[in-house]
$ cat input26.cif   # mmCIF, C-alpha atoms
data_structure
loop_
_atom_site.label_atom_id
_atom_site.label_comp_id
_atom_site.auth_asym_id
_atom_site.auth_seq_id
_atom_site.Cartn_x
_atom_site.Cartn_y
_atom_site.Cartn_z
CA MET W 1006 228.88 92.80 199.36
CA ASN W 1007 231.98 92.98 197.15
CA CYS W 1008 233.32 90.71 194.42
CA VAL W 1009 235.39 88.64 196.91
CA ASP W 1010 232.28 87.90 198.99
CA LEU W 1011 230.41 86.83 195.87
CA LYS W 1012 233.29 84.56 194.88
CA GLU W 1013 233.38 82.90 198.33
CA ARG W 1014 229.62 82.34 198.28
CA ALA W 1015 229.81 80.79 194.83
CA GLU W 1016 232.61 78.44 195.90
CA GLY W 1017 230.67 77.47 199.05
CA ARG W 1018 227.84 76.11 196.91
CA SER W 1019 230.00 73.78 194.84
CA GLY W 1020 228.14 70.68 196.02
CA HIS W 1021 224.83 71.77 194.51
CA ALA W 1022 225.64 71.28 190.87
CA GLU W 1023 228.75 69.97 189.19
CA GLY W 1024 230.39 72.63 186.96
CA ALA W 1025 228.07 75.43 188.11
CA PRO W 1026 230.63 77.18 190.41
CA ALA W 1027 233.15 77.60 187.60
CA LEU W 1028 230.55 79.08 185.28
CA LEU W 1029 229.22 81.34 188.01
CA LEU W 1030 232.72 82.47 188.90
CA VAL W 1031 233.45 83.45 185.30
CA ILE W 1032 230.21 85.46 185.14
CA LEU W 1033 230.99 87.22 188.43
CA LEU W 1034 234.52 88.10 187.38
CA LEU W 1035 233.30 89.52 184.08
CA SER W 1036 230.62 91.53 185.91
CA CYS W 1037 233.16 92.89 188.38
CA GLY W 1038 235.46 93.91 185.55
CA PHE W 1039 232.61 95.68 183.79
CA LEU W 1040 231.59 97.55 186.92
CA PHE W 1041 235.20 98.55 187.56
CA GLN W 1042 235.51 100.06 184.10
CA LEU W 1043 232.10 101.68 184.52
CA THR W 1044 233.22 103.32 187.76
CA LEU W 1045 236.37 104.68 186.15
CA LYS W 1046 234.46 106.14 183.21
CA SER W 1047 231.01 106.70 184.66
CA SER W 1048 230.38 109.92 182.85
CA CYS W 1049 230.86 108.19 179.51
CA LEU W 1050 228.05 105.70 180.05
CA PHE W 1051 225.56 107.88 178.25
CA SER W 1052 227.66 110.71 176.86
CA CYS W 1053 230.60 109.28 174.92
CA LEU W 1054 230.67 108.34 171.30
CA PRO W 1055 232.31 105.16 170.05
CA PRO W 1056 235.96 105.58 168.97
CA HIS W 1057 235.22 106.24 165.30
CA LYS W 1058 233.33 109.40 166.31
CA SER W 1059 235.03 110.51 169.51
CA GLN W 1060 238.48 110.73 167.96
CA GLN W 1061 237.42 113.24 165.32
CA GLY W 1062 237.56 116.95 166.14
CA PRO W 1063 236.01 119.80 164.13
CA GLU W 1064 239.07 120.18 161.90
CA ALA W 1065 239.11 116.50 160.96
CA LEU W 1066 235.37 116.47 160.27
CA LEU W 1067 235.14 119.77 158.43
CA GLY W 1068 238.54 119.89 156.79
CA LYS W 1069 237.48 118.36 153.49
CA GLY W 1070 234.91 121.10 152.82
CA ARG W 1071 232.02 118.69 152.25
CA SER W 1072 230.18 118.92 155.57
CA ILE W 1073 226.53 119.79 156.11
CA VAL W 1074 226.40 122.24 159.03
CA PHE W 1075 223.63 123.08 161.51
CA LEU W 1076 223.74 125.51 164.43
CA GLU W 1077 222.06 125.97 167.82
CA THR W 1078 223.19 129.26 169.38
CA SER W 1079 220.96 129.05 172.46
CA GLU W 1080 221.72 126.88 175.50
CA ARG W 1081 218.98 124.47 174.48
CA MET W 1082 220.15 120.87 174.81
CA GLU W 1083 217.13 118.97 173.51
CA PRO W 1084 216.52 119.23 169.75
CA SER W 1085 212.87 119.60 168.78
CA PRO W 1086 211.29 117.12 166.35
CA LEU W 1087 211.73 119.66 163.53
CA VAL W 1088 215.44 120.08 164.32
CA SER W 1089 215.81 116.31 164.52
CA CYS W 1090 214.08 115.93 161.15
CA ALA W 1091 216.31 118.55 159.54
CA VAL W 1092 219.50 116.85 160.72
CA GLU W 1093 218.28 113.31 159.98
CA SER W 1094 217.07 114.22 156.50
CA ALA W 1095 220.44 115.76 155.67
CA ALA W 1096 222.22 112.65 156.93
CA LYS W 1097 219.92 110.56 154.72
CA VAL W 1098 220.48 112.65 151.59
CA TYR W 1099 224.26 112.96 152.14
CA PRO W 1100 225.22 109.55 153.61
CA GLU W 1101 228.91 109.86 152.68
CA GLN W 1102 229.34 113.36 154.15
CA PRO W 1103 229.61 114.42 157.81
CA VAL W 1104 226.54 116.21 159.14
CA VAL W 1105 227.85 118.45 161.94
CA PHE W 1106 225.51 119.99 164.50
CA PHE W 1107 227.20 122.79 166.49
CA MET W 1108 225.48 123.43 169.83
CA LYS W 1109 226.40 126.27 172.16
CA GLY W 1110 224.96 124.42 175.14
CA LEU W 1111 227.68 121.79 174.84
CA SER W 1112 230.35 124.36 175.60
CA SER W 1113 229.23 124.75 179.20
CA SER W 1114 227.30 121.51 179.71
CA LEU W 1115 229.40 118.59 178.55
CA GLN W 1116 227.03 115.89 179.74
CA LEU W 1117 223.31 115.40 179.68
CA PRO W 1118 221.19 116.32 182.70
CA PRO W 1119 220.98 113.09 184.77
CA ASN W 1120 217.19 113.14 184.99
CA SER W 1121 216.54 113.69 181.30
CA THR W 1122 216.16 111.04 178.60
CA HIS W 1123 216.68 113.43 175.64
CA PRO W 1124 215.26 111.11 172.97
CA ALA W 1125 216.34 113.32 170.06
CA PHE W 1126 219.96 113.20 171.24
CA SER W 1127 219.79 109.43 171.35
CA LEU W 1128 218.25 109.32 167.89
CA LEU W 1129 220.73 111.68 166.22
CA SER W 1130 223.86 110.30 167.86
CA ALA W 1131 222.90 106.83 166.61
CA ILE W 1132 223.23 108.01 162.99
CA ASP W 1133 226.71 107.18 161.73
CA ASN W 1134 227.44 110.42 159.89
CA VAL W 1135 225.91 112.84 162.44
CA PHE W 1136 228.29 114.59 164.84
CA LEU W 1137 227.34 116.86 167.77
CA ILE W 1138 230.05 119.42 168.53
CA PRO W 1139 230.30 122.33 171.03
CA LEU W 1140 230.02 125.81 169.52
CA ASP W 1141 232.84 128.00 170.85
CA MET W 1142 232.30 131.35 169.18
CA LYS W 1143 235.45 133.01 170.51
CA SER W 1144 237.63 130.30 169.01
CA LEU W 1145 235.54 130.14 165.85
CA PHE W 1146 235.89 133.87 165.11
CA GLU W 1147 239.67 133.92 165.51
CA ASP W 1148 241.49 134.95 162.33
CA THR W 1149 238.31 136.41 160.85
CA PRO W 1150 236.93 139.99 160.68
CA LEU W 1151 234.34 138.93 163.27
CA SER W 1152 236.88 138.53 166.08
CA SER W 1153 237.13 142.21 167.04
CA TRP W 1154 233.35 142.59 166.89
CA TYR W 1155 232.77 139.59 169.14
CA THR W 1156 235.25 140.70 171.81
CA GLN W 1157 233.56 144.10 172.06
CA VAL W 1158 229.88 143.23 171.78
CA ASN W 1159 227.72 142.93 174.91
CA ALA W 1160 225.60 139.91 174.14
CA SER W 1161 223.18 140.48 177.04
CA ALA W 1162 222.31 143.94 175.74
CA GLU W 1163 221.92 142.95 172.11
CA ARG W 1164 218.57 142.65 170.46
CA ASN W 1165 218.01 139.43 168.50
CA TRP W 1166 221.30 138.06 169.81
CA LEU W 1167 220.49 134.40 169.14
CA HIS W 1168 219.84 135.19 165.49
CA VAL W 1169 222.72 137.64 165.10
CA SER W 1170 225.24 135.26 166.67
CA SER W 1171 223.93 132.49 164.41
CA ASP W 1172 224.35 134.74 161.36
CA ALA W 1173 227.96 135.38 162.34
CA SER W 1174 228.76 131.76 163.21
CA ARG W 1175 227.51 130.31 159.94
CA LEU W 1176 229.64 132.76 157.95
CA ALA W 1177 232.79 131.90 159.91
CA ILE W 1178 232.27 128.12 159.79
CA ILE W 1179 231.66 127.92 156.06
CA TRP W 1180 234.49 130.39 155.31
CA LYS W 1181 236.97 128.42 157.42
CA TYR W 1182 235.96 124.91 156.47
CA GLY W 1183 233.66 125.07 153.47
CA GLY W 1184 230.51 122.99 153.09
CA VAL W 1185 226.78 123.68 153.17
CA TYR W 1186 225.01 125.53 155.96
CA MET W 1187 221.31 124.84 156.62
CA ASP W 1188 218.85 126.26 159.12
CA THR W 1189 217.39 123.73 161.53
CA ASP W 1190 213.96 124.02 159.92
CA VAL W 1191 215.16 122.89 156.48
CA ILE W 1192 214.21 119.36 155.38
CA SER W 1193 216.57 117.93 152.76
CA ILE W 1194 214.99 115.93 149.94
CA ARG W 1195 217.79 115.55 147.33
CA PRO W 1196 221.47 116.54 146.95
CA ILE W 1197 222.43 120.11 146.04
CA PRO W 1198 224.62 119.99 142.90
CA ALA W 1199 226.21 123.44 143.25
CA GLU W 1200 229.42 124.11 145.23
CA ASN W 1201 229.44 127.90 145.63
CA PHE W 1202 225.85 129.08 145.91
CA LEU W 1203 223.31 131.30 147.58
CA ALA W 1204 219.61 130.49 147.79
CA ALA W 1205 217.13 133.03 146.49
CA GLN W 1206 214.18 133.63 148.77
CA ALA W 1207 212.55 135.77 146.08
CA SER W 1208 213.63 137.43 142.87
CA ARG W 1209 216.76 139.55 143.53
CA TYR W 1210 216.64 138.72 147.23
CA SER W 1211 218.92 136.19 148.90
CA SER W 1212 218.33 134.18 152.04
CA ASN W 1213 221.01 133.02 154.44
CA GLY W 1214 219.08 129.95 155.61
CA VAL W 1215 220.91 127.74 153.10
CA PHE W 1216 224.20 128.47 151.38
CA GLY W 1217 227.35 126.62 150.42
CA PHE W 1218 230.93 127.50 149.51
CA LEU W 1219 234.36 126.01 149.18
CA PRO W 1220 236.76 126.96 152.00
CA ARG W 1221 238.18 130.49 152.19
CA HIS W 1222 235.88 131.90 149.54
CA ALA W 1223 236.32 135.65 149.01
CA PHE W 1224 232.57 136.29 149.00
CA LEU W 1225 232.20 135.11 152.61
CA TRP W 1226 235.24 137.10 153.75
CA GLN W 1227 233.64 140.22 152.30
CA CYS W 1228 230.37 139.29 154.01
CA MET W 1229 232.14 139.12 157.39
CA GLU W 1230 233.77 142.50 156.77
CA ASN W 1231 230.40 144.02 155.88
CA PHE W 1232 228.83 142.33 158.93
CA VAL W 1233 231.16 144.36 161.19
CA GLU W 1234 231.13 147.60 159.20
CA HIS W 1235 227.31 147.80 159.04
CA TYR W 1236 226.42 146.03 162.28
CA ASN W 1237 222.96 146.89 163.59
CA SER W 1238 221.16 144.20 165.56
CA TYR W 1239 218.02 146.33 165.88
CA ILE W 1240 217.19 145.86 162.22
CA TRP W 1241 215.80 142.37 161.72
CA GLY W 1242 217.78 140.45 159.11
CA ASN W 1243 220.43 143.15 158.71
CA GLN W 1244 223.21 140.67 159.50
CA GLY W 1245 221.48 137.79 157.71
CA PRO W 1246 219.48 137.82 154.46
CA GLU W 1247 219.90 141.57 154.05
CA LEU W 1248 223.67 141.17 154.34
CA MET W 1249 223.76 138.37 151.76
CA THR W 1250 221.57 140.39 149.38
CA ARG W 1251 223.56 143.62 149.56
CA MET W 1252 226.85 141.75 149.13
CA LEU W 1253 225.48 139.79 146.17
CA ARG W 1254 224.55 143.11 144.56
CA VAL W 1255 228.12 144.27 145.01
CA TRP W 1256 229.45 140.97 143.66
CA CYS W 1257 227.35 140.99 140.51
CA LYS W 1258 224.42 142.65 138.77
CA LEU W 1259 221.25 140.90 139.89
CA GLN W 1260 218.58 140.09 137.35
CA ASP W 1261 215.17 138.49 137.51
CA PHE W 1262 214.99 134.71 137.11
CA GLN W 1263 213.95 133.40 133.72
CA GLY W 1264 211.61 130.46 134.17
CA LEU W 1265 213.15 127.95 136.58
CA SER W 1266 216.74 128.60 135.58
CA ASP W 1267 219.33 129.51 138.20
CA LEU W 1268 221.58 132.55 137.82
CA ARG W 1269 225.36 132.56 137.88
CA CYS W 1270 227.77 135.42 138.48
CA LEU W 1271 231.54 134.88 138.46
CA ASN W 1272 231.89 131.61 140.40
CA VAL W 1273 228.75 131.96 142.54
CA SER W 1274 225.38 130.42 141.66
CA PHE W 1275 222.19 132.15 142.75
CA LEU W 1276 219.63 129.36 142.99
CA HIS W 1277 215.98 129.84 142.05
CA PRO W 1278 213.48 130.31 144.93
CA ARG W 1279 211.87 126.99 144.00
CA ARG W 1280 215.03 125.15 145.09
CA PHE W 1281 214.42 125.81 148.81
CA TYR W 1282 211.39 128.08 149.13
CA PRO W 1283 208.63 126.64 146.92
CA ILE W 1284 206.22 127.75 149.65
CA SER W 1285 206.88 131.40 150.48
CA TYR W 1286 206.82 132.73 154.03
CA PRO W 1287 203.34 134.35 153.85
CA GLU W 1288 201.97 130.88 153.04
CA TRP W 1289 203.97 128.91 155.65
CA ARG W 1290 200.78 127.42 157.17
CA ARG W 1291 200.27 125.38 154.01
CA TYR W 1292 202.88 122.94 155.28
CA TYR W 1293 200.41 122.07 158.05
CA GLU W 1294 197.48 121.51 155.71
CA VAL W 1295 196.25 118.44 153.81
CA TRP W 1296 197.11 118.61 150.11
CA THR W 1297 195.24 116.80 147.34
CA PRO W 1298 197.16 115.89 145.32
CA GLU W 1299 200.39 116.16 147.28
CA PRO W 1300 203.12 118.26 145.60
CA SER W 1301 206.18 116.46 144.25
CA PHE W 1302 208.73 119.27 144.83
CA ASN W 1303 210.67 117.93 141.85
CA ASP W 1304 212.37 121.30 141.39
CA SER W 1305 213.54 121.54 145.01
CA TYR W 1306 216.64 120.34 146.87
CA ALA W 1307 215.29 121.08 150.33
CA LEU W 1308 212.27 122.74 151.95
CA HIS W 1309 212.43 125.64 154.38
CA LEU W 1310 209.50 125.38 156.80
CA TRP W 1311 209.67 128.98 158.11
CA ASN W 1312 209.65 127.93 161.76
CA TYR W 1313 210.25 131.51 162.92
CA MET W 1314 206.83 132.40 161.52
CA ASN W 1315 205.22 129.58 163.47
CA GLN W 1316 204.36 131.58 166.57
CA GLU W 1317 201.18 129.49 166.90
CA GLY W 1318 203.25 126.44 167.77
CA LYS W 1319 201.86 124.25 165.00
CA GLY W 1320 203.36 120.80 165.11
CA VAL W 1321 203.31 117.48 163.31
CA VAL W 1322 200.52 115.13 164.38
CA ARG W 1323 200.66 111.47 163.48
CA GLY W 1324 197.70 110.44 161.35
CA SER W 1325 196.78 113.99 160.30
CA ASN W 1326 197.86 113.39 156.67
CA THR W 1327 199.16 116.95 156.47
CA LEU W 1328 201.95 117.83 154.07
CA VAL W 1329 204.48 118.16 156.90
CA GLU W 1330 203.54 114.77 158.38
CA ASN W 1331 204.15 113.11 155.04
CA LEU W 1332 207.47 114.93 154.65
CA TYR W 1333 208.58 113.58 158.04
CA ARG W 1334 207.41 110.10 157.17
CA LYS W 1335 209.42 110.08 153.94
CA HIS W 1336 212.53 112.14 154.69
CA CYS W 1337 213.15 111.63 158.42
CA PRO W 1338 211.56 108.26 159.24
CA ARG W 1339 213.40 107.77 162.55
CA THR W 1340 212.22 111.13 163.84
CA TYR W 1341 208.70 110.34 162.71
CA ARG W 1342 208.74 106.92 164.36
CA ASP W 1343 210.25 108.00 167.69
CA LEU W 1344 209.24 111.64 168.26
CA ILE W 1345 205.97 112.38 166.47
CA ARG W 1346 202.87 112.10 168.64
CA GLY W 1347 199.31 111.21 167.81
CA PRO W 1348 196.27 113.39 168.57
CA GLU W 1349 196.11 111.98 172.11
CA GLY W 1350 199.67 113.14 172.81
CA LEU W 1351 201.22 109.66 172.70
CA VAL W 1352 204.10 108.55 170.54
CA THR W 1353 202.32 105.90 168.50
CA GLY W 1354 204.43 103.19 166.89
CA GLU W 1355 203.83 101.55 163.57
CA SER W 1356 202.83 98.31 165.29
CA GLY W 1357 202.27 96.74 168.67
CA ALA W 1358 205.67 95.05 168.43
CA GLU W 1359 207.39 98.39 167.90
CA ARG W 1360 205.58 99.91 170.86
CA THR W 1361 206.64 97.01 173.06
CA LEU W 1362 210.24 97.38 171.90
CA ALA W 1363 210.21 101.11 172.56
CA ILE W 1364 208.83 100.64 176.08
CA SER W 1365 211.43 97.97 176.81
CA ALA W 1366 214.23 100.21 175.55
CA LEU W 1367 213.01 103.11 177.67
CA ALA W 1368 212.82 100.90 180.76
CA LEU W 1369 216.35 99.66 180.13
CA GLU W 1370 217.59 103.19 179.62
CA LEU W 1371 216.05 104.40 182.89
CA ARG W 1372 217.42 101.38 184.72
CA TYR W 1373 220.97 102.04 183.62
CA LYS W 1374 220.56 105.78 184.10
CA SER W 1375 219.63 105.14 187.73
CA MET W 1376 222.80 103.09 188.15
CA TYR W 1377 224.79 105.80 186.39
CA THR W 1378 223.61 108.56 188.73
CA ARG W 1379 224.65 106.53 191.78
CA LEU W 1380 228.25 106.28 190.69
CA GLU W 1381 230.53 108.59 192.62
CA ASP W 1382 233.13 109.36 189.95
CA ASN W 1383 231.56 111.88 187.56
CA ARG W 1384 234.69 113.02 185.79
CA ILE W 1385 234.51 113.47 182.03
CA ASP W 1386 237.16 113.23 179.39
CA ASN W 1387 236.88 116.46 177.43
CA HIS W 1388 237.91 114.65 174.27
CA HIS W 1389 234.65 112.65 174.37
CA ILE W 1390 231.99 115.29 174.03
CA ALA W 1391 229.25 114.16 171.69
CA PHE W 1392 226.42 112.14 173.14
CA ARG W 1393 224.93 108.69 172.74
CA ILE W 1394 222.34 107.35 175.16
CA ILE W 1395 220.66 104.29 173.69
CA PRO W 1396 220.99 103.98 169.92
CA ALA W 1397 217.70 104.09 168.05
CA PRO W 1398 216.98 100.85 166.18
CA PRO W 1399 217.87 101.01 162.49
#
$ encode --input "input26.cif" --output "structure tokens"
Amino acid sequence: MNCVDLKERAEGRSGHAEGAPALLLVILLLSCGFLFQLTLKSSCLFSCLPPHKSQQGPEALLGKGRSIVFLETSERMEPSPLVSCAVESAAKVYPEQPVVFFMKGLSSSLQLPPNSTHPAFSLLSAIDNVFLIPLDMKSLFEDTPLSSWYTQVNASAERNWLHVSSDASRLAIIWKYGGVYMDTDVISIRPIPAENFLAAQASRYSSNGVFGFLPRHAFLWQCMENFVEHYNSYIWGNQGPELMTRMLRVWCKLQDFQGLSDLRCLNVSFLHPRRFYPISYPEWRRYYEVWTPEPSFNDSYALHLWNYMNQEGKGVVRGSNTLVENLYRKHCPRTYRDLIRGPEGLVTGESGAERTLAISALALELRYKSMYTRLEDNRIDNHHIAFRIIPAPP
């Protein structure tokens, strides 16, 4: 049955109720128009951002040098709860700055798998200042010392490639555009006041899990040169924290920290370990323990949760009262509400009303997804890349 048939049937029932055919006809015409537009742009039903996001490319977003940057160098398309929390917490702490999440999987998979709900994508894309952008390393490394290395390296034969490629990408992005880079296991708790900075993991030892610079800073250019000159993917951290540490030693004479004071050399600040690593990596399990009393982290800007150390797969459990659960509850409340499960494995809402709303939203999403997958035209406009499924409630 097409729209003409529906119109004729509506007109044939005009004797049943005065005024009803006209109202029904208007509704049918509006429905037909909606379905026509939906057919033309079917692939945008769940994968296109509204105009204020979709019209902004990487240069427009990153050009002002104030962005918060995250990276995913694997093909993974579904952010974990920890990744979601890291991105959400940054968006919460820096509401006036773009939070840009580069994902390699978007380069070759421009739309979500049709049978997947991807709740974290829905959650993050609903946040006004969060942007999901494809990571194109070849283009990113152009006009940097990393370009020749990338064209010659055999990624499939490299050891620790995901980490090495991430080390390279973060250097190039922050050098080109400026801003703050953060690992996806870093929960932001307050703004970082420094512009050009490295984060100390320990005394005289730098991390590369958090750092920030203005665009085209000479320190990062020298880091990229050293990355290529001393490339060795078989040594863990050689292109990451070890690189930052050896270049910082060239840049200035490192000293031990005095109390809680940061160090400064030329125009680069070396921030105290308490700023991002108040819990050191040998003690990473303490994030998953109950603390009495709970620490305030008043000397910290963000917390690195050492997810690489978490080979046991420890997660956040609703109602456990662990330190990490309380961090989620406070600093990434949407992630906590929508993605964190209780001990029985269910996502438990704050109230019965919230659970009912969540179930209704999921049913609606699946209903429209089913309609979406039946549409024949699956073309996608490459200028509309970032994803929005069903916005999470505020």
$ residues_around --input "input26.cif" --residues "Ser1079 (chain W)" --least-positions-apart "5" --cutoff "8 Å" --atoms "all atoms listed in the file" --output "PyMOL selection string"
chain W and resi 1108-1110+1167
$ atom_distance --input "input26.cif" --atom1 "CA of Gln1206 (chain W)" --atom2 "CA of Asp1188 (chain W)"
13.5 Å
$ residues_around --input "input26.cif" --residues "Tyr1292 (chain W)" --least-positions-apart "3" --cutoff "7 Å" --atoms "only C-alpha atoms" --output "PyMOL selection string"
chain W and resi 1289+1328-1329
$ residues_around --input "input26.cif" --residues "region 1175-1177 of chain W" --least-positions-apart "6" --cutoff "7 Å" --atoms "all atoms listed in the file" --output "PDB file with C-alpha atoms, keeping the file's coordinate frame"
ATOM      1  CA  LEU W1145     235.540 130.140 165.850  1.00  0.00           C
ATOM      2  CA  PHE W1146     235.890 133.870 165.110  1.00  0.00           C
ATOM      3  CA  TYR W1186     225.010 125.530 155.960  1.00  0.00           C
ATOM      4  CA  LEU W1225     232.200 135.110 152.610  1.00  0.00           C
ATOM      5  CA  MET W1229     232.140 139.120 157.390  1.00  0.00           C
TER       6      MET W1229
END
$ residues_near_point --input "input26.cif" --point "(231.7, 142.6, 140.2)" --cutoff "12 Å" --atoms "only C-alpha atoms" --output "list in words"
Phe1224, Met1252, Leu1253, Arg1254, Val1255, Trp1256, Cys1257, Lys1258, Leu1259, Cys1270, Leu1271, Asn1272 and Val1273 of chain W
$ resolve_selection --input "input26.cif" --expression "the PyMOL selection byres ((chain W and resi 1063) around 10)" --output "list in words"
Gln1061, Gly1062, Glu1064, Ala1065, Leu1066, Leu1067, Gly1068, Val1105, Phe1107, Phe1136, Leu1137, Ile1138, Pro1139 and Tyr1182 of chain W
$ closest_residue --input "input26.cif" --among "W:Ala1207, W:Val1104, W:Ser1152, W:Ser1089" --to "Ser1285 (chain W)" --atoms "all atoms listed in the file"
W:Ala1207
$ closest_residue --input "input26.cif" --among "W:Ala1091, W:Val1233, W:Ile1179, W:Leu1111" --to "Tyr1155 (chain W)" --atoms "all atoms listed in the file"
W:Val1233
$ residues_around --input "input26.cif" --residues "Pro1084 (chain W)" --least-positions-apart "5" --cutoff "12 Å" --atoms "only C-alpha atoms" --output "ChimeraX atom specification"
/W:1075-1077,1079,1089-1093,1106-1108,1110,1123-1130,1137,1189-1190,1340,1344
$ residues_near_point --input "input26.cif" --point "(191.3, 113.3, 160.7)" --cutoff "12 Å" --atoms "only C-alpha atoms" --output "PDB file with C-alpha atoms, keeping the file's coordinate frame"
ATOM      1  CA  GLU W1294     197.480 121.510 155.710  1.00  0.00           C
ATOM      2  CA  VAL W1295     196.250 118.440 153.810  1.00  0.00           C
ATOM      3  CA  VAL W1322     200.520 115.130 164.380  1.00  0.00           C
ATOM      4  CA  ARG W1323     200.660 111.470 163.480  1.00  0.00           C
ATOM      5  CA  GLY W1324     197.700 110.440 161.350  1.00  0.00           C
ATOM      6  CA  SER W1325     196.780 113.990 160.300  1.00  0.00           C
ATOM      7  CA  ASN W1326     197.860 113.390 156.670  1.00  0.00           C
ATOM      8  CA  THR W1327     199.160 116.950 156.470  1.00  0.00           C
ATOM      9  CA  GLY W1347     199.310 111.210 167.810  1.00  0.00           C
ATOM     10  CA  PRO W1348     196.270 113.390 168.570  1.00  0.00           C
TER      11      PRO W1348
END
$ atom_distance --input "input26.cif" --atom1 "CA of Arg1195 (chain W)" --atom2 "CA of Tyr1306 (chain W)"
4.9 Å
$ resolve_selection --input "input26.cif" --expression "the PyMOL selection byres ((chain W and resi 1244) around 12)" --output "ChimeraX atom specification"
/W:1151,1165-1176,1212-1213,1228-1243,1245-1252
$ closest_residue --input "input26.cif" --among "W:Ser1305, W:Gln1316, W:Asn1331, W:Ser1208" --to "Pro1196 (chain W)" --atoms "only C-alpha atoms"
W:Ser1305
$ atom_distance --input "input26.cif" --atom1 "CA of Gly1318 (chain W)" --atom2 "CA of Pro1086 (chain W)"
12.4 Å
